[in-house]
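Trainee: Below is the structure I would like to discuss, written out as structure tokens.
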Amino acid sequence: WKGRRQRRVCMLGFAAPPADIVFPVRVEPRAYFANERTLLNWLRATLSSLATRFMPGRSIFLLDELIGVASGRRPVSLQKLHVSQPSNFKAPTKAPAATVKQSAPPGGAPVAAGGGGGALPATKLLYQANTYLFTAEATVLEVGEKAGGGGWAVVLDETCFHAQGGGQPADTGTLTRAGGGAAWAVRMVKKDGEGVVRHDGEPGGPAPNFGAGDTVSLAVDEPPRRYNARVHSAGHLIDVAMTQAGSTLRPTKGYHFTPGAYVEYEGKLEASEREALLPKLQAAMDELIARAVPSTVQTVDATALGDYCSPNTIPSDPALWGKGWVRVVG
């Protein structure tokens, strides 16, 4: 008891020095950010699980990169192989004898180009049935001026103008009122989420000389369309060649704009594997081009995609194939 009391007295009598006392202490970053690292690891595990189920493929890589940057490490789990489209790919000057098989839905109704349900019906896409259709006639559904004086846009009931999308640039050309009149230039074509295609004129250009209800003649600029179709076909041919070359990499993106067109694959390849793959891929491409394999277009039930598509081109889970009728190009 006496010792304790003395210690208490000593503590009570202690006077702090006039200046702060600093003791340098080394704290490792791993220990200092322990809580943050634990949170990020749990976040990564949770989001990766969700991405695997609902966002298969490239989204997982982006997620891994995001978490890797946040946690201070470099992601090394994935490598990407970019294969440029071959310069020796040539399409015939005339339209090939492509087989178009329309396995129509019950009742024989044509497949709608989009969900519809808005103020305007989905546009019928004539170019999906014939890549080399450069002229057509259609009925004008709407003519409107774009916001901010950006020119005019026209909606038709059907069109042979390829809308920008799927990695392919939009067509250009003209719309002319039936019976004569000045041609109205089309400089951009886009399809919205409801399947409605809008034909945009020159930015700040004049209004068209036709209106809703009029019949117009459509004329697509043929050389750019043919060229874009060749590049697009080359991209899909690369994927066929990859399968023939024994690759199991999963395609994630096709970019068919020139210059710089490429097809992107996801997976891991060692340097030696990449070097061995490229000659096989080139040989497969040369063989396919020499065979002049025709293109086929089929409309099939989504539940049967496994019978028409290579395993690496569709999700492994059939529940992700969707429902209804799907257009398959082979």
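So you can find residues: chains in the structure tokens are A, B, ... in the order shown, residues in each start at 1, and ligands are numbered from 1 in order.
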Set out as CSV a contact list for region 226-303 of chain A and region 151-169 of chain A with a cut-off of 7 Å, giving each residue of region 226-303 of chain A that qualifies its closest atom pair and distance in Å to one decimal, counting only C-alpha atoms, ordered by chain and rising residue number.
Mentor:
```
residue,atom,partner,partner_atom,distance
A:Asn228,CA,A:Gln168,CA,6.7
A:His232,CA,A:Gln168,CA,6.6
A:Gly254,CA,A:Gly167,CA,5.9
A:Tyr255,CA,A:Gly167,CA,4.8
A:His256,CA,A:Gly167,CA,5.1
A:Phe257,CA,A:Gln168,CA,6.2
```
Trainee: Restrict the selected residues to N, CA and C atoms and save them as a compact mmCIF listing (two decimals), in the first residue's frame.
Mentor:
```txt
# COMPACT_ATOMS: atom_id res chain seq x y z
N ASN A 228 -17.35 -0.68 -95.97
CA ASN A 228 -17.67 -0.95 -94.56
C ASN A 228 -18.14 -2.39 -94.37
N HIS A 232 -16.38 -5.17 -91.96
CA HIS A 232 -17.21 -5.81 -90.94
C HIS A 232 -17.16 -7.34 -91.10
N GLY A 254 -15.74 -5.83 -81.26
CA GLY A 254 -15.32 -5.70 -82.64
C GLY A 254 -15.40 -4.25 -83.06
N TYR A 255 -14.30 -3.71 -83.55
CA TYR A 255 -14.24 -2.32 -83.99
C TYR A 255 -13.96 -2.33 -85.48
N HIS A 256 -14.96 -1.93 -86.28
CA HIS A 256 -14.86 -2.06 -87.73
C HIS A 256 -14.74 -0.71 -88.42
N PHE A 257 -14.22 0.28 -87.72
CA PHE A 257 -13.96 1.58 -88.32
C PHE A 257 -12.51 1.59 -88.81
```
Trainee: Could you pull out all residues of region 195-261 of chain A with a DSSP call of helix (DSSP H, G or I) and give them as a PyMOL selection string?
Mentor: chain A and resi 222-244
Trainee: For the residues in the current selection, export N, CA and C atoms as a compact mmCIF listing (two decimals), in the first residue's frame.
Mentor:
```
# COMPACT_ATOMS: atom_id res chain seq x y z
N GLU A 222 -22.90 3.97 -102.44
CA GLU A 222 -22.51 2.56 -102.57
C GLU A 222 -21.06 2.26 -102.20
N PRO A 223 -20.05 3.01 -102.68
CA PRO A 223 -18.66 2.63 -102.34
C PRO A 223 -18.38 2.56 -100.84
N PRO A 224 -18.78 3.57 -100.03
CA PRO A 224 -18.52 3.44 -98.59
C PRO A 224 -19.24 2.25 -97.96
N ARG A 225 -20.49 1.98 -98.39
CA ARG A 225 -21.22 0.85 -97.83
C ARG A 225 -20.50 -0.46 -98.14
N ARG A 226 -20.08 -0.66 -99.38
CA ARG A 226 -19.37 -1.89 -99.74
C ARG A 226 -18.10 -2.04 -98.92
N TYR A 227 -17.38 -0.95 -98.79
CA TYR A 227 -16.12 -1.01 -98.04
C TYR A 227 -16.37 -1.35 -96.58
N ASN A 228 -17.35 -0.68 -95.97
CA ASN A 228 -17.67 -0.95 -94.56
C ASN A 228 -18.14 -2.39 -94.37
N ALA A 229 -18.90 -2.91 -95.33
CA ALA A 229 -19.38 -4.29 -95.24
C ALA A 229 -18.21 -5.27 -95.31
N ARG A 230 -17.23 -4.99 -96.15
CA ARG A 230 -16.06 -5.87 -96.27
C ARG A 230 -15.27 -5.90 -94.96
N VAL A 231 -15.06 -4.71 -94.39
CA VAL A 231 -14.30 -4.65 -93.13
C VAL A 231 -15.06 -5.37 -92.02
N HIS A 232 -16.38 -5.17 -91.96
CA HIS A 232 -17.21 -5.81 -90.94
C HIS A 232 -17.16 -7.34 -91.10
N SER A 233 -17.28 -7.80 -92.34
CA SER A 233 -17.22 -9.24 -92.58
C SER A 233 -15.85 -9.81 -92.21
N ALA A 234 -14.80 -9.05 -92.47
CA ALA A 234 -13.46 -9.51 -92.11
C ALA A 234 -13.34 -9.71 -90.60
N GLY A 235 -13.97 -8.83 -89.83
CA GLY A 235 -13.93 -8.98 -88.38
C GLY A 235 -14.58 -10.27 -87.92
N HIS A 236 -15.75 -10.60 -88.50
CA HIS A 236 -16.42 -11.84 -88.13
C HIS A 236 -15.65 -13.06 -88.64
N LEU A 237 -15.00 -12.91 -89.79
CA LEU A 237 -14.21 -14.01 -90.33
C LEU A 237 -13.01 -14.31 -89.43
N ILE A 238 -12.45 -13.28 -88.82
CA ILE A 238 -11.36 -13.48 -87.87
C ILE A 238 -11.81 -14.38 -86.73
N ASP A 239 -13.04 -14.17 -86.27
CA ASP A 239 -13.53 -14.98 -85.16
C ASP A 239 -13.68 -16.44 -85.57
N VAL A 240 -14.15 -16.68 -86.81
CA VAL A 240 -14.24 -18.05 -87.31
C VAL A 240 -12.84 -18.66 -87.40
N ALA A 241 -11.89 -17.87 -87.89
CA ALA A 241 -10.52 -18.36 -88.02
C ALA A 241 -9.90 -18.65 -86.65
N MET A 242 -10.22 -17.84 -85.67
CA MET A 242 -9.70 -18.08 -84.32
C MET A 242 -10.17 -19.43 -83.80
N THR A 243 -11.43 -19.76 -84.04
CA THR A 243 -11.95 -21.06 -83.60
C THR A 243 -11.25 -22.19 -84.34
N GLN A 244 -11.06 -22.02 -85.66
CA GLN A 244 -10.38 -23.06 -86.42
C GLN A 244 -8.92 -23.22 -86.01
```
Trainee: Would you kindly return, as number ranges by chain, each protein, DNA or RNA residue with an atom no farther than 12 Å from any atom of Gly180 (chain A), considering only C-alpha atoms and excluding same-chain residues fewer than 5 positions away?
Mentor: A: 175, 209-210, 214-217
Trainee: Could you take the residues named above and write them with C-alpha atoms, as a PDB file, in the first residue's frame?
Mentor:
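Final output, saved to part-v4.pdb:
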```pdb
ATOM      1  CA  LEU A 175     -33.539  11.173 -99.638  1.00  0.00           C
ATOM      2  CA  ASN A 209     -38.658  19.564 -98.895  1.00  0.00           C
ATOM      3  CA  PHE A 210     -40.984  16.723 -97.811  1.00  0.00           C
ATOM      4  CA  ASP A 214     -44.785  11.687 -98.276  1.00  0.00           C
ATOM      5  CA  THR A 215     -43.046   8.924-100.205  1.00  0.00           C
ATOM      6  CA  VAL A 216     -39.300   9.333-100.648  1.00  0.00           C
ATOM      7  CA  SER A 217     -36.617   7.537-102.621  1.00  0.00           C
TER       8      SER A 217
END
```
Trainee: Would you kindly return, as a PyMOL selection string, each protein, DNA or RNA residue with an atom no farther than 8 Å from any atom of Gly213 (chain A), considering only C-alpha atoms and excluding same-chain residues fewer than 3 positions away?
Mentor: chain A and resi 139-141
Trainee: Those residues you just picked out, can you put them in a file as a PDB file, in the first residue's frame with all heavy atoms?
Mentor:
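Output below, filename part_38.pdb:
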```
ATOM      1  N   THR A 139     -41.983   5.562 -96.608  1.00  0.00           N
ATOM      2  CA  THR A 139     -42.928   6.607 -96.234  1.00  0.00           C
ATOM      3  C   THR A 139     -42.372   7.399 -95.063  1.00  0.00           C
ATOM      4  O   THR A 139     -41.866   6.815 -94.091  1.00  0.00           O
ATOM      5  CB  THR A 139     -44.286   6.005 -95.843  1.00  0.00           C
ATOM      6  OG1 THR A 139     -44.802   5.269 -96.949  1.00  0.00           O
ATOM      7  CG2 THR A 139     -45.278   7.084 -95.438  1.00  0.00           C
ATOM      8  N   VAL A 140     -42.460   8.701 -95.140  1.00  0.00           N
ATOM      9  CA  VAL A 140     -41.962   9.575 -94.075  1.00  0.00           C
ATOM     10  C   VAL A 140     -42.942   9.543 -92.898  1.00  0.00           C
ATOM     11  O   VAL A 140     -44.147   9.772 -93.074  1.00  0.00           O
ATOM     12  CB  VAL A 140     -41.779  11.016 -94.570  1.00  0.00           C
ATOM     13  CG1 VAL A 140     -41.284  11.906 -93.429  1.00  0.00           C
ATOM     14  CG2 VAL A 140     -40.816  11.052 -95.749  1.00  0.00           C
ATOM     15  N   LEU A 141     -42.420   9.269 -91.707  1.00  0.00           N
ATOM     16  CA  LEU A 141     -43.247   9.275 -90.499  1.00  0.00           C
ATOM     17  C   LEU A 141     -43.085  10.563 -89.700  1.00  0.00           C
ATOM     18  O   LEU A 141     -44.022  11.014 -89.047  1.00  0.00           O
ATOM     19  CB  LEU A 141     -42.880   8.083 -89.601  1.00  0.00           C
ATOM     20  CG  LEU A 141     -43.074   6.689 -90.194  1.00  0.00           C
ATOM     21  CD1 LEU A 141     -42.763   5.629 -89.145  1.00  0.00           C
ATOM     22  CD2 LEU A 141     -44.484   6.504 -90.738  1.00  0.00           C
TER      23      LEU A 141
END
```
Trainee: Which residue out of A:Glu275, A:Ala319, A:His199, A:Arg250 has the minimum interatomic distance to Val263 (chain A) when only C-alpha atoms are used?
Mentor: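 Answer, going by the shortest atom-to-atom distance: A:Arg250.
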